[in-house]
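S.K.: Next comes target-v1.cif, mmCIF, C-alpha atoms:
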data_input
loop_
_atom_site.group_PDB
_atom_site.id
_atom_site.type_symbol
_atom_site.label_atom_id
_atom_site.label_comp_id
_atom_site.auth_asym_id
_atom_site.auth_seq_id
_atom_site.Cartn_x
_atom_site.Cartn_y
_atom_site.Cartn_z
ATOM 1 C CA MET A 1 -40.444 5.991 229.926
ATOM 2 C CA ASN A 2 -37.507 3.836 228.815
ATOM 3 C CA THR A 3 -35.874 6.894 227.253
ATOM 4 C CA ILE A 4 -36.137 8.779 230.547
ATOM 5 C CA LEU A 5 -34.664 5.865 232.489
ATOM 6 C CA LEU A 6 -31.817 5.518 229.975
ATOM 7 C CA ALA A 7 -31.011 9.220 230.204
ATOM 8 C CA ALA A 8 -30.958 9.027 234.003
ATOM 9 C CA ALA A 9 -28.711 5.972 233.917
ATOM 10 C CA THR A 10 -26.208 7.544 231.514
ATOM 11 C CA SER A 11 -26.131 11.002 233.135
ATOM 12 C CA THR A 12 -23.008 11.845 235.097
ATOM 13 C CA LEU A 13 -22.722 13.338 238.563
ATOM 14 C CA GLY A 14 -21.801 16.562 236.801
ATOM 15 C CA ASP A 15 -25.093 16.496 234.847
ATOM 16 C CA LYS A 16 -27.004 16.067 238.104
ATOM 17 C CA ILE A 17 -25.145 18.985 239.704
ATOM 18 C CA ASP A 18 -25.939 21.098 236.612
ATOM 19 C CA SER A 19 -29.627 20.307 236.965
ATOM 20 C CA ALA A 20 -29.835 20.750 240.736
ATOM 21 C CA PHE A 21 -27.949 24.066 240.934
ATOM 22 C CA ARG A 22 -28.730 25.642 237.548
ATOM 23 C CA GLY A 23 -30.575 28.648 238.985
ATOM 24 C CA PHE A 24 -27.939 29.181 241.687
ATOM 25 C CA ASP A 25 -25.062 29.069 239.193
ATOM 26 C CA LEU A 26 -26.795 31.310 236.650
ATOM 27 C CA TRP A 27 -27.449 33.925 239.348
ATOM 28 C CA PHE A 28 -23.738 34.146 240.121
ATOM 29 C CA PHE A 29 -22.841 34.357 236.429
ATOM 30 C CA HIS A 30 -25.248 37.295 236.132
ATOM 31 C CA PHE A 31 -23.849 38.882 239.307
ATOM 32 C CA PHE A 32 -20.228 38.793 238.109
ATOM 33 C CA GLY A 33 -21.053 39.384 234.452
ATOM 34 C CA SER A 34 -23.039 42.537 235.173
ATOM 35 C CA MET A 35 -19.948 44.207 236.663
ATOM 36 C CA GLN A 36 -17.569 43.331 233.823
ATOM 37 C CA ASN A 37 -15.136 45.973 232.609
ATOM 38 C CA GLY A 38 -11.570 46.046 231.343
ATOM 39 C CA PHE A 39 -10.006 46.893 234.705
ATOM 40 C CA LEU A 40 -11.800 44.132 236.643
ATOM 41 C CA THR A 41 -10.972 41.612 233.915
ATOM 42 C CA PHE A 42 -7.305 42.569 234.298
ATOM 43 C CA ILE A 43 -7.565 42.117 238.078
ATOM 44 C CA ALA A 44 -9.396 38.797 237.673
ATOM 45 C CA LYS A 45 -6.610 37.458 235.476
ATOM 46 C CA LEU A 46 -4.100 38.589 238.083
ATOM 47 C CA PHE A 47 -5.796 36.662 240.871
ATOM 48 C CA THR A 48 -6.608 33.610 238.760
ATOM 49 C CA THR A 49 -2.874 33.174 238.113
ATOM 50 C CA LEU A 50 -2.407 32.299 241.802
ATOM 51 C CA GLY A 51 -4.247 29.020 241.193
ATOM 52 C CA ASP A 52 -2.706 28.146 237.852
ATOM 53 C CA GLU A 53 -0.427 25.119 237.574
ATOM 54 C CA ALA A 54 2.279 27.426 236.199
ATOM 55 C CA PHE A 55 2.270 29.017 239.662
ATOM 56 C CA VAL A 56 1.449 26.003 241.854
ATOM 57 C CA ILE A 57 4.071 23.596 240.461
ATOM 58 C CA PRO A 58 6.978 26.012 241.090
ATOM 59 C CA MET A 59 5.489 26.668 244.544
ATOM 60 C CA ALA A 60 5.685 22.938 245.236
ATOM 61 C CA VAL A 61 9.331 22.983 244.152
ATOM 62 C CA LEU A 62 9.931 26.000 246.400
ATOM 63 C CA GLY A 63 8.270 24.078 249.243
ATOM 64 C CA ILE A 64 10.694 21.203 248.770
ATOM 65 C CA VAL A 65 13.622 23.631 248.889
ATOM 66 C CA LEU A 66 12.294 25.226 252.087
ATOM 67 C CA CYS A 67 12.240 21.800 253.762
ATOM 68 C CA PHE A 68 16.043 21.806 253.761
ATOM 69 C CA PHE A 69 16.288 24.945 255.899
ATOM 70 C CA LYS A 70 15.489 24.689 259.601
ATOM 71 C CA LYS A 71 13.824 28.101 259.832
ATOM 72 C CA THR A 72 11.524 27.427 256.895
ATOM 73 C CA ARG A 73 11.052 23.674 257.305
ATOM 74 C CA LYS A 74 7.505 23.970 258.633
ATOM 75 C CA TYR A 75 6.500 26.172 255.698
ATOM 76 C CA GLY A 76 8.034 23.757 253.223
ATOM 77 C CA PHE A 77 6.362 20.607 254.514
ATOM 78 C CA ALA A 78 3.007 22.410 254.840
ATOM 79 C CA LEU A 79 3.219 23.578 251.225
ATOM 80 C CA VAL A 80 4.239 20.221 249.801
ATOM 81 C CA PHE A 81 1.622 18.158 251.610
ATOM 82 C CA ALA A 82 -1.188 20.676 251.088
ATOM 83 C CA ILE A 83 -0.504 20.780 247.339
ATOM 84 C CA ALA A 84 -0.212 16.990 247.127
ATOM 85 C CA ILE A 85 -3.476 16.362 249.003
ATOM 86 C CA GLY A 86 -5.435 19.023 247.116
ATOM 87 C CA THR A 87 -4.157 17.859 243.726
ATOM 88 C CA ILE A 88 -4.959 14.198 244.366
ATOM 89 C CA VAL A 89 -8.465 14.881 245.694
ATOM 90 C CA THR A 90 -9.383 17.342 242.928
ATOM 91 C CA ASN A 91 -7.679 15.988 239.817
ATOM 92 C CA VAL A 92 -7.375 12.274 240.555
ATOM 93 C CA VAL A 93 -10.548 11.569 242.541
ATOM 94 C CA VAL A 94 -13.349 14.137 242.180
ATOM 95 C CA LYS A 95 -13.009 15.491 238.623
ATOM 96 C CA PRO A 96 -12.921 12.029 236.986
ATOM 97 C CA MET A 97 -15.825 10.992 239.228
ATOM 98 C CA ALA A 98 -18.049 14.027 238.547
ATOM 99 C CA LEU A 99 -17.235 14.515 234.831
ATOM 100 C CA ARG A 100 -18.839 17.965 234.872
ATOM 101 C CA VAL A 101 -18.495 19.775 231.551
ATOM 102 C CA ARG A 102 -17.362 23.411 231.540
ATOM 103 C CA PRO A 103 -20.086 26.096 231.563
ATOM 104 C CA TYR A 104 -18.910 27.605 228.261
ATOM 105 C CA ASN A 105 -19.875 24.271 226.693
ATOM 106 C CA THR A 106 -23.126 23.480 228.495
ATOM 107 C CA LEU A 107 -24.520 27.042 228.460
ATOM 108 C CA GLN A 108 -23.932 27.924 224.815
ATOM 109 C CA ASP A 109 -27.681 28.362 224.353
ATOM 110 C CA VAL A 110 -27.914 30.911 227.192
ATOM 111 C CA LYS A 111 -27.274 34.222 225.417
ATOM 112 C CA GLU A 112 -26.687 36.256 228.570
ATOM 113 C CA TYR A 113 -24.011 33.849 229.786
ATOM 114 C CA TRP A 114 -22.395 33.631 226.343
ATOM 115 C CA ASP A 115 -22.141 37.420 226.077
ATOM 116 C CA TYR A 116 -20.492 37.511 229.512
ATOM 117 C CA TYR A 117 -18.110 34.715 228.509
ATOM 118 C CA ILE A 118 -16.974 36.549 225.369
ATOM 119 C CA GLY A 119 -16.739 39.790 227.336
ATOM 120 C CA ALA A 120 -14.451 38.191 229.920
ATOM 121 C CA GLY A 121 -11.957 37.180 227.255
ATOM 122 C CA HIS A 122 -13.280 33.890 225.832
ATOM 123 C CA LEU A 123 -10.854 31.869 227.987
ATOM 124 C CA SER A 124 -10.772 28.082 228.162
ATOM 125 C CA GLU A 125 -9.355 25.091 230.000
ATOM 126 C CA SER A 126 -8.721 21.565 228.749
ATOM 127 C CA ASP A 127 -10.313 19.414 231.466
ATOM 128 C CA TYR A 128 -13.502 18.998 233.477
ATOM 129 C CA SER A 129 -15.045 21.672 235.663
ATOM 130 C CA PHE A 130 -15.922 20.270 239.111
ATOM 131 C CA PRO A 131 -14.319 21.174 241.437
ATOM 132 C CA SER A 132 -12.261 24.211 240.499
ATOM 133 C CA GLY A 133 -8.589 23.266 240.499
ATOM 134 C CA HIS A 134 -7.513 26.920 240.647
ATOM 135 C CA THR A 135 -9.659 27.526 243.718
ATOM 136 C CA THR A 136 -8.417 24.345 245.374
ATOM 137 C CA ALA A 137 -4.823 25.417 244.752
ATOM 138 C CA ALA A 138 -5.378 28.955 246.020
ATOM 139 C CA PHE A 139 -6.927 27.770 249.280
ATOM 140 C CA GLU A 140 -4.467 24.926 249.911
ATOM 141 C CA LEU A 141 -1.613 27.432 249.590
ATOM 142 C CA ALA A 142 -3.319 30.216 251.531
ATOM 143 C CA VAL A 143 -4.672 28.116 254.408
ATOM 144 C CA SER A 144 -1.516 26.073 254.969
ATOM 145 C CA MET A 145 0.691 29.183 254.944
ATOM 146 C CA ALA A 146 -1.752 31.222 257.040
ATOM 147 C CA LEU A 147 -1.735 28.563 259.750
ATOM 148 C CA VAL A 148 2.065 28.425 259.807
ATOM 149 C CA PHE A 149 2.372 32.216 259.921
ATOM 150 C CA ARG A 150 -0.232 32.356 262.694
ATOM 151 C CA SER A 151 1.608 29.703 264.710
ATOM 152 C CA GLU A 152 4.722 31.863 264.523
ATOM 153 C CA GLY A 153 2.937 35.010 265.666
ATOM 154 C CA LYS A 154 2.631 36.650 262.238
ATOM 155 C CA LYS A 155 -1.115 37.161 262.407
ATOM 156 C CA LYS A 156 -1.496 40.036 259.926
ATOM 157 C CA ILE A 157 -0.319 38.036 256.929
ATOM 158 C CA SER A 158 -2.334 35.037 258.127
ATOM 159 C CA TYR A 159 -5.503 37.100 257.557
ATOM 160 C CA ILE A 160 -4.434 38.440 254.168
ATOM 161 C CA LEU A 161 -3.702 35.090 252.502
ATOM 162 C CA PRO A 162 -7.259 33.638 252.733
ATOM 163 C CA LEU A 163 -8.636 36.924 251.347
ATOM 164 C CA ILE A 164 -6.370 36.523 248.322
ATOM 165 C CA ALA A 165 -7.685 32.961 247.886
ATOM 166 C CA VAL A 166 -11.266 34.269 247.980
ATOM 167 C CA CYS A 167 -10.380 36.720 245.189
ATOM 168 C CA THR A 168 -8.943 33.850 243.139
ATOM 169 C CA MET A 169 -12.137 31.923 243.784
ATOM 170 C CA GLY A 170 -14.288 34.801 242.538
ATOM 171 C CA SER A 171 -12.081 35.359 239.487
ATOM 172 C CA ARG A 172 -12.923 31.910 238.133
ATOM 173 C CA VAL A 173 -16.637 32.721 238.034
ATOM 174 C CA TYR A 174 -15.994 36.271 236.794
ATOM 175 C CA LEU A 175 -13.998 34.840 233.867
ATOM 176 C CA MET A 176 -16.932 32.447 233.201
ATOM 177 C CA VAL A 177 -14.810 29.275 233.181
ATOM 178 C CA HIS A 178 -16.329 27.789 236.355
ATOM 179 C CA TYR A 179 -19.716 27.504 237.988
ATOM 180 C CA ALA A 180 -20.133 28.966 241.476
ATOM 181 C CA THR A 181 -20.669 25.420 242.755
ATOM 182 C CA ASP A 182 -17.284 24.444 241.285
ATOM 183 C CA VAL A 183 -15.418 27.095 243.222
ATOM 184 C CA ILE A 184 -17.318 26.465 246.463
ATOM 185 C CA CYS A 185 -16.303 22.804 246.319
ATOM 186 C CA GLY A 186 -12.744 23.856 245.423
ATOM 187 C CA MET A 187 -12.683 26.122 248.477
ATOM 188 C CA VAL A 188 -13.739 23.227 250.723
ATOM 189 C CA VAL A 189 -11.184 20.819 249.248
ATOM 190 C CA GLY A 190 -8.416 23.425 249.333
ATOM 191 C CA THR A 191 -9.175 24.411 252.916
ATOM 192 C CA VAL A 192 -9.158 20.798 254.099
ATOM 193 C CA ALA A 193 -5.928 20.156 252.170
ATOM 194 C CA GLY A 194 -4.335 23.249 253.705
ATOM 195 C CA VAL A 195 -5.319 22.256 257.249
ATOM 196 C CA CYS A 196 -4.076 18.693 256.690
ATOM 197 C CA GLY A 197 -0.814 19.985 255.197
ATOM 198 C CA TYR A 198 -0.263 22.209 258.225
ATOM 199 C CA PHE A 199 -0.865 19.492 260.828
ATOM 200 C CA ILE A 200 1.274 16.979 258.923
ATOM 201 C CA SER A 201 4.043 19.591 258.850
ATOM 202 C CA VAL A 202 3.709 20.223 262.594
ATOM 203 C CA PHE A 203 3.886 16.484 263.270
ATOM 204 C CA ILE A 204 6.989 16.039 261.108
ATOM 205 C CA CYS A 205 8.804 19.061 262.542
ATOM 206 C CA ASP A 206 7.813 18.647 266.201
ATOM 207 C CA LYS A 207 7.605 14.872 266.541
ATOM 208 C CA ILE A 208 10.216 13.617 264.086
ATOM 209 C CA PHE A 209 12.857 16.301 263.466
ATOM 210 C CA ALA A 210 12.768 17.865 266.952
ATOM 211 C CA LYS A 211 13.244 14.466 268.630
ATOM 212 C CA ASN A 212 16.068 13.353 266.382
ATOM 213 C CA SER A 213 19.190 15.437 266.924
ATOM 214 C CA LYS A 214 20.746 14.401 263.613
ATOM 215 C CA LEU A 215 17.688 15.368 261.618
ATOM 216 C CA ASP A 216 17.006 18.527 263.582
ATOM 217 C CA GLY A 217 20.624 19.580 263.285
ATOM 218 C CA PHE A 218 20.512 19.422 259.505
ATOM 219 C CA ASP A 219 20.238 22.917 258.111
ATOM 220 C CA ALA A 220 21.248 23.833 254.555
ATOM 221 C CA ASP A 221 21.659 27.407 255.767
ATOM 222 C CA ARG A 222 24.998 26.356 257.243
ATOM 223 C CA ILE A 223 26.276 25.531 253.799
ATOM 224 C CA PHE A 224 25.723 29.067 252.580
ATOM 225 C CA ALA A 225 26.651 31.183 255.569
ATOM 226 C CA LYS A 226 29.053 31.178 258.508
ATOM 227 C CA SER A 227 27.704 31.838 261.984
ATOM 228 C CA LYS A 228 29.120 35.382 262.125
ATOM 229 C CA GLU A 229 27.230 36.238 258.959
ATOM 230 C CA LYS A 230 23.867 34.914 260.163
ATOM 231 C CA LYS A 231 22.031 38.255 260.190
ATOM 232 C CA ASN A 232 23.061 39.113 256.664
ATOM 233 C CA ALA A 233 22.357 35.566 255.533
ATOM 234 C CA THR A 234 18.808 35.721 256.935
ATOM 235 C CA ALA A 235 18.120 38.979 255.100
ATOM 236 C CA ILE A 236 19.541 37.535 251.888
ATOM 237 C CA ASN A 237 17.435 34.367 252.235
ATOM 238 C CA LYS A 238 14.266 36.439 252.666
ATOM 239 C CA ALA A 239 15.142 38.522 249.627
ATOM 240 C CA VAL A 240 15.786 35.418 247.551
ATOM 241 C CA ILE A 241 12.416 33.939 248.542
ATOM 242 C CA CYS A 242 10.622 37.198 247.654
ATOM 243 C CA VAL A 243 12.357 37.379 244.269
ATOM 244 C CA ALA A 244 11.542 33.708 243.638
ATOM 245 C CA LEU A 245 7.856 34.288 244.450
ATOM 246 C CA ALA A 246 7.730 37.316 242.139
ATOM 247 C CA ALA A 247 9.396 35.349 239.339
ATOM 248 C CA ILE A 248 7.042 32.390 239.796
ATOM 249 C CA PHE A 249 4.044 34.733 239.633
ATOM 250 C CA CYS A 250 5.293 36.487 236.487
ATOM 251 C CA VAL A 251 5.890 33.167 234.732
ATOM 252 C CA GLY A 252 2.222 32.335 235.247
ATOM 253 C CA TYR A 253 0.725 35.802 234.821
ATOM 254 C CA ILE A 254 2.426 37.197 231.727
ATOM 255 C CA PRO A 255 1.259 34.367 229.381
ATOM 256 C CA SER A 256 -2.292 34.693 230.765
ATOM 257 C CA LEU A 257 -2.563 38.204 229.315
ATOM 258 C CA SER A 258 -2.656 36.784 225.780
ATOM 259 C CA GLU A 259 -4.827 33.732 226.510
ATOM 260 C CA GLY A 260 -8.264 33.218 225.034
ATOM 261 C CA GLY A 261 -9.827 35.211 222.228
ATOM 262 C CA GLU A 262 -10.682 34.139 218.724
ATOM 263 C CA ASP A 263 -7.112 33.048 217.964
ATOM 264 C CA ALA A 264 -7.000 30.416 220.735
ATOM 265 C CA ILE A 265 -6.607 26.823 219.554
ATOM 266 C CA ARG A 266 -9.741 25.037 220.713
ATOM 267 C CA CYS A 267 -10.916 21.441 220.708
ATOM 268 C CA ALA A 268 -12.178 20.238 217.331
ATOM 269 C CA TYR A 269 -15.053 18.245 218.873
ATOM 270 C CA VAL A 270 -18.448 19.135 217.424
ATOM 271 C CA GLY A 271 -21.415 17.269 218.878
ATOM 272 C CA SER A 272 -25.177 17.423 218.954
ATOM 273 C CA ASP A 273 -25.011 18.981 222.421
ATOM 274 C CA TYR A 274 -22.240 21.584 221.974
ATOM 275 C CA ASP A 275 -19.199 22.680 219.993
ATOM 276 C CA CYS A 276 -16.350 22.243 222.451
ATOM 277 C CA GLN A 277 -14.616 25.458 223.493
ATOM 278 C CA ASN A 278 -12.003 23.684 225.603
ATOM 279 C CA GLU A 279 -8.357 24.392 224.934
ATOM 280 C CA ALA A 280 -6.932 21.811 222.528
ATOM 281 C CA LYS A 281 -3.834 19.895 223.629
ATOM 282 C CA HIS A 282 -1.830 21.778 221.063
ATOM 283 C CA ASP A 283 1.725 20.635 220.303
ATOM 284 C CA ASP A 284 1.536 18.037 223.081
ATOM 285 C CA LYS A 285 3.339 14.791 222.251
ATOM 286 C CA LYS A 286 0.936 12.868 224.494
ATOM 287 C CA TYR A 287 -1.990 14.089 222.395
ATOM 288 C CA PRO A 288 -0.956 13.979 218.712
ATOM 289 C CA PRO A 289 -3.516 15.212 216.152
ATOM 290 C CA ILE A 290 -6.163 12.732 214.995
ATOM 291 C CA ASP A 291 -6.863 13.063 211.262
ATOM 292 C CA GLY A 292 -5.204 16.459 211.406
ATOM 293 C CA LYS A 293 -7.452 17.734 214.200
ATOM 294 C CA GLU A 294 -6.549 18.554 217.789
ATOM 295 C CA TYR A 295 -8.771 17.815 220.769
ATOM 296 C CA CYS A 296 -8.967 18.670 224.457
ATOM 297 C CA LYS A 297 -8.141 16.265 227.253
ATOM 298 C CA ILE A 298 -11.731 15.132 227.816
ATOM 299 C CA HIS A 299 -12.524 14.362 224.164
ATOM 300 C CA TYR A 300 -9.185 13.045 222.924
ATOM 301 C CA ASN A 301 -9.533 9.440 224.137
ATOM 302 C CA LYS A 302 -13.150 9.224 222.968
ATOM 303 C CA ILE A 303 -12.238 10.346 219.443
ATOM 304 C CA LYS A 304 -9.189 8.067 219.441
ATOM 305 C CA GLU A 305 -11.303 5.026 220.393
ATOM 306 C CA GLU A 306 -13.910 5.825 217.748
ATOM 307 C CA LYS A 307 -11.205 6.144 215.085
ATOM 308 C CA ALA A 308 -9.646 2.821 216.130
ATOM 309 C CA LYS A 309 -13.050 1.082 215.798
ATOM 310 C CA THR A 310 -13.559 2.619 212.358
ATOM 311 C CA ASP A 311 -10.075 1.585 211.219
ATOM 312 C CA ASN A 312 -10.582 -1.961 212.468
ATOM 313 C CA ALA A 313 -13.940 -2.207 210.723
ATOM 314 C CA ASP A 314 -12.323 -1.188 207.472
#
Can you dump the structure from the file as structure tokens?
M.R.:
Amino acid sequence: MNTILLAAATSTLGDKIDSAFRGFDLWFFHFFGSMQNGFLTFIAKLFTTLGDEAFVIPMAVLGIVLCFFKKTRKYGFALVFAIAIGTIVTNVVVKPMALRVRPYNTLQDVKEYWDYYIGAGHLSESDYSFPSGHTTAAFELAVSMALVFRSEGKKKISYILPLIAVCTMGSRVYLMVHYATDVICGMVVGTVAGVCGYFISVFICDKIFAKNSKLDGFDADRIFAKSKEKKNATAINKAVICVALAAIFCVGYIPSLSEGGEDAIRCAYVGSDYDCQNEAKHDDKKYPPIDGKEYCKIHYNKIKEEKAKTDNAD
């Protein structure tokens, strides 16, 4: 009885989610795993890139740049605030609170899942699982931009963007690095962040900039083009944004093609519960090797503390 109470007291929110939704999550792993093939894996990696930090961080920088141009100011503020809100809620608040371990660690004894995981490329991340950061990012970008496009009468693209986010969401389960419950929560967080980012942007543009002639009159576009060249300048600006988006995507996508596999550098943690398959913080000055071994983000501090205690005891 005491053992049961102790286990309940020490279990994390992530452990409780694992227990409560095990059947639900396993069904979705079987659903996506049963359709695995080389082409779909390629497509899944394509869509998953749209939620990767290698894509999202440059998008945040692009958002800041767009804030300096009057025509794109609403897009810029919506992007920046949506990304900020989604990142804080997911990575600063919920993940450290839930402490849910990745499925490729907790389901190592489930042969069907493990075969699907290897078949999808044996990919890994370095942090906790709940909620999905990639899904959060995809929806915060898609929803905030869709709302801005819709407000400006560009309804067709406003429908396409959320569909792309849904594909990113599905790719995380297809690649076996997230539970279905992770991506559902990520969708909720990302959607809320996107809506908040949009309304904050509207408030800033309509209530602050529009009512202040000095602020509203500021437009970096004037620095780059004279009034008689406005039409050409607009076309050039659109082309530059498209090229920037393509470059940002390639920076994130091309490295993803070689990720995972047997040659990936994984966490050295070996426990009674699982052998960690998380990505080790390789060549990261913040996470130097401990006794010649490299660990992931979630195990590094634990191993470091245990080593310090051992050294002090000696």
S.K.: Tell me which residues the PyMOL selection byres ((chain A and resi 139) around 7) grabs here, as a ChimeraX atom specification.
M.R.: /A:135-138,140-143,162,165,187,190-191,194
S.K.: Generate the output file for the selected residues, C-alpha atoms, as an mmCIF file, keeping the file's coordinate frame.
M.R.:
data_model
loop_
_atom_site.group_PDB
_atom_site.id
_atom_site.type_symbol
_atom_site.label_atom_id
_atom_site.label_comp_id
_atom_site.auth_asym_id
_atom_site.auth_seq_id
_atom_site.Cartn_x
_atom_site.Cartn_y
_atom_site.Cartn_z
ATOM 1 C CA THR A 135 -9.659 27.526 243.718
ATOM 2 C CA THR A 136 -8.417 24.345 245.374
ATOM 3 C CA ALA A 137 -4.823 25.417 244.752
ATOM 4 C CA ALA A 138 -5.378 28.955 246.020
ATOM 5 C CA GLU A 140 -4.467 24.926 249.911
ATOM 6 C CA LEU A 141 -1.613 27.432 249.590
ATOM 7 C CA ALA A 142 -3.319 30.216 251.531
ATOM 8 C CA VAL A 143 -4.672 28.116 254.408
ATOM 9 C CA PRO A 162 -7.259 33.638 252.733
ATOM 10 C CA ALA A 165 -7.685 32.961 247.886
ATOM 11 C CA MET A 187 -12.683 26.122 248.477
ATOM 12 C CA GLY A 190 -8.416 23.425 249.333
ATOM 13 C CA THR A 191 -9.175 24.411 252.916
ATOM 14 C CA GLY A 194 -4.335 23.249 253.705
#
S.K.: Restricting the calculation to only C-alpha atoms: of A:Ile85, A:Val110, A:Leu161, A:Met169, which residue gets closest to A:Gly51?
M.R.: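 Once distances to A:Gly51 are computed over only C-alpha atoms, the minimum belongs to A:Met169.
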S.K.: Nearest residue to A:Ser19 out of A:Thr310, A:Ser201, A:Thr181, A:Ser151, using all atoms listed in the file?
M.R.: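 With all atoms listed in the file as the atom set, the closest residue is A:Thr181.
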S.K.: To test your reading of the syntax: which residues would the PyMOL selection byres ((chain A and resi 121-127) around 9) return for the file shown? Reply as number ranges by chain.
M.R.: A: 41, 95, 101-102, 104, 116-120, 128-129, 175-177, 259-262, 264, 266-267, 277-281, 295-298
S.K.: Quick check, in Å to one decimal: how far apart do atom CA of A:Met97 and atom CA of A:Asp15 lie?
M.R.: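 Separating atom CA of A:Met97 from atom CA of A:Asp15 is a distance of 11.6 Å.
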S.K.: Nearest to A:Ile43 among A:Lys211, A:Lys302, A:His282, A:Arg172, with distances taken over all atoms listed in the file: which residue is it?
M.R.: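 Of A:Lys211, A:Lys302, A:His282, A:Arg172, the one nearest A:Ile43 is A:Arg172, counting all atoms listed in the file.
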S.K.: Report, in Å to a single decimal, how far apart atom CA of A:Phe69 and atom CA of A:Gly133 are.
M.R.: 29.3 Å
S.K.: From the list A:Phe24, A:Tyr274, A:Phe149, A:Phe209, which residue is nearest A:Gln108 when using all atoms listed in the file?
M.R.: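 Under the stated criterion, the closest residue is A:Tyr274.
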S.K.: In file coordinates, which residues lie within 12 Å of (8.5, 23.4, 254.5) using only C-alpha atoms, given as JSON, numbers by chain?
M.R.: {"A": [59, 60, 61, 62, 63, 64, 65, 66, 67, 68, 69, 70, 71, 72, 73, 74, 75, 76, 77, 78, 79, 80, 81, 82, 83, 141, 144, 145, 148, 197, 198, 199, 200, 201, 202, 204, 205]}
S.K.: My list of candidates is A:Val192, A:Cys242, A:Ala20, A:Leu40. Which is closest to A:Thr87 when distances are computed with all atoms listed in the file?
M.R.: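 That would be A:Val192, the residue with the smallest distance to A:Thr87.
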S.K.: Just checking: using only C-alpha atoms, which residue out of A:Met35, A:Leu50, A:Ile88, A:Val173 ends up closest to A:Ala246?
M.R.: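 Using only C-alpha atoms, the shortest distance to A:Ala246 belongs to A:Leu50.
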S.K.: Work out how far apart atom CA of A:Pro288 and atom CA of A:Asn105 are and give it in Å to one decimal.
M.R.: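 According to the coordinates, atom CA of A:Pro288 and atom CA of A:Asn105 are separated by 23.0 Å.
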S.K.: Just add N, CA and C atoms to stretch 297-308 of chain A and send it as an mmCIF file, in the frame of the given file.
M.R.:
data_model
loop_
_atom_site.group_PDB
_atom_site.id
_atom_site.type_symbol
_atom_site.label_atom_id
_atom_site.label_comp_id
_atom_site.auth_asym_id
_atom_site.auth_seq_id
_atom_site.Cartn_x
_atom_site.Cartn_y
_atom_site.Cartn_z
ATOM 1 N N LYS A 297 -8.410 17.451 226.438
ATOM 2 C CA LYS A 297 -8.141 16.265 227.253
ATOM 3 C C LYS A 297 -9.363 15.366 227.396
ATOM 4 N N ILE A 298 -10.552 15.949 227.530
ATOM 5 C CA ILE A 298 -11.731 15.132 227.816
ATOM 6 C C ILE A 298 -12.320 14.474 226.577
ATOM 7 N N HIS A 299 -11.975 14.961 225.387
ATOM 8 C CA HIS A 299 -12.524 14.362 224.164
ATOM 9 C C HIS A 299 -11.498 13.532 223.391
ATOM 10 N N TYR A 300 -10.234 13.696 223.719
ATOM 11 C CA TYR A 300 -9.185 13.045 222.924
ATOM 12 C C TYR A 300 -9.339 11.526 222.902
ATOM 13 N N ASN A 301 -9.453 10.906 224.076
ATOM 14 C CA ASN A 301 -9.533 9.440 224.137
ATOM 15 C C ASN A 301 -10.786 8.905 223.459
ATOM 16 N N LYS A 302 -11.905 9.634 223.599
ATOM 17 C CA LYS A 302 -13.150 9.224 222.968
ATOM 18 C C LYS A 302 -13.008 9.205 221.442
ATOM 19 N N ILE A 303 -12.442 10.259 220.894
ATOM 20 C CA ILE A 303 -12.238 10.346 219.443
ATOM 21 C C ILE A 303 -11.237 9.292 218.978
ATOM 22 N N LYS A 304 -10.207 9.059 219.784
ATOM 23 C CA LYS A 304 -9.189 8.067 219.441
ATOM 24 C C LYS A 304 -9.786 6.664 219.387
ATOM 25 N N GLU A 305 -10.644 6.342 220.365
ATOM 26 C CA GLU A 305 -11.303 5.026 220.393
ATOM 27 C C GLU A 305 -12.247 4.853 219.210
ATOM 28 N N GLU A 306 -12.984 5.906 218.867
ATOM 29 C CA GLU A 306 -13.910 5.825 217.748
ATOM 30 C C GLU A 306 -13.152 5.629 216.428
ATOM 31 N N LYS A 307 -12.017 6.301 216.295
ATOM 32 C CA LYS A 307 -11.205 6.144 215.085
ATOM 33 C C LYS A 307 -10.639 4.735 214.976
ATOM 34 N N ALA A 308 -10.188 4.189 216.123
ATOM 35 C CA ALA A 308 -9.646 2.821 216.130
ATOM 36 C C ALA A 308 -10.710 1.817 215.698
#
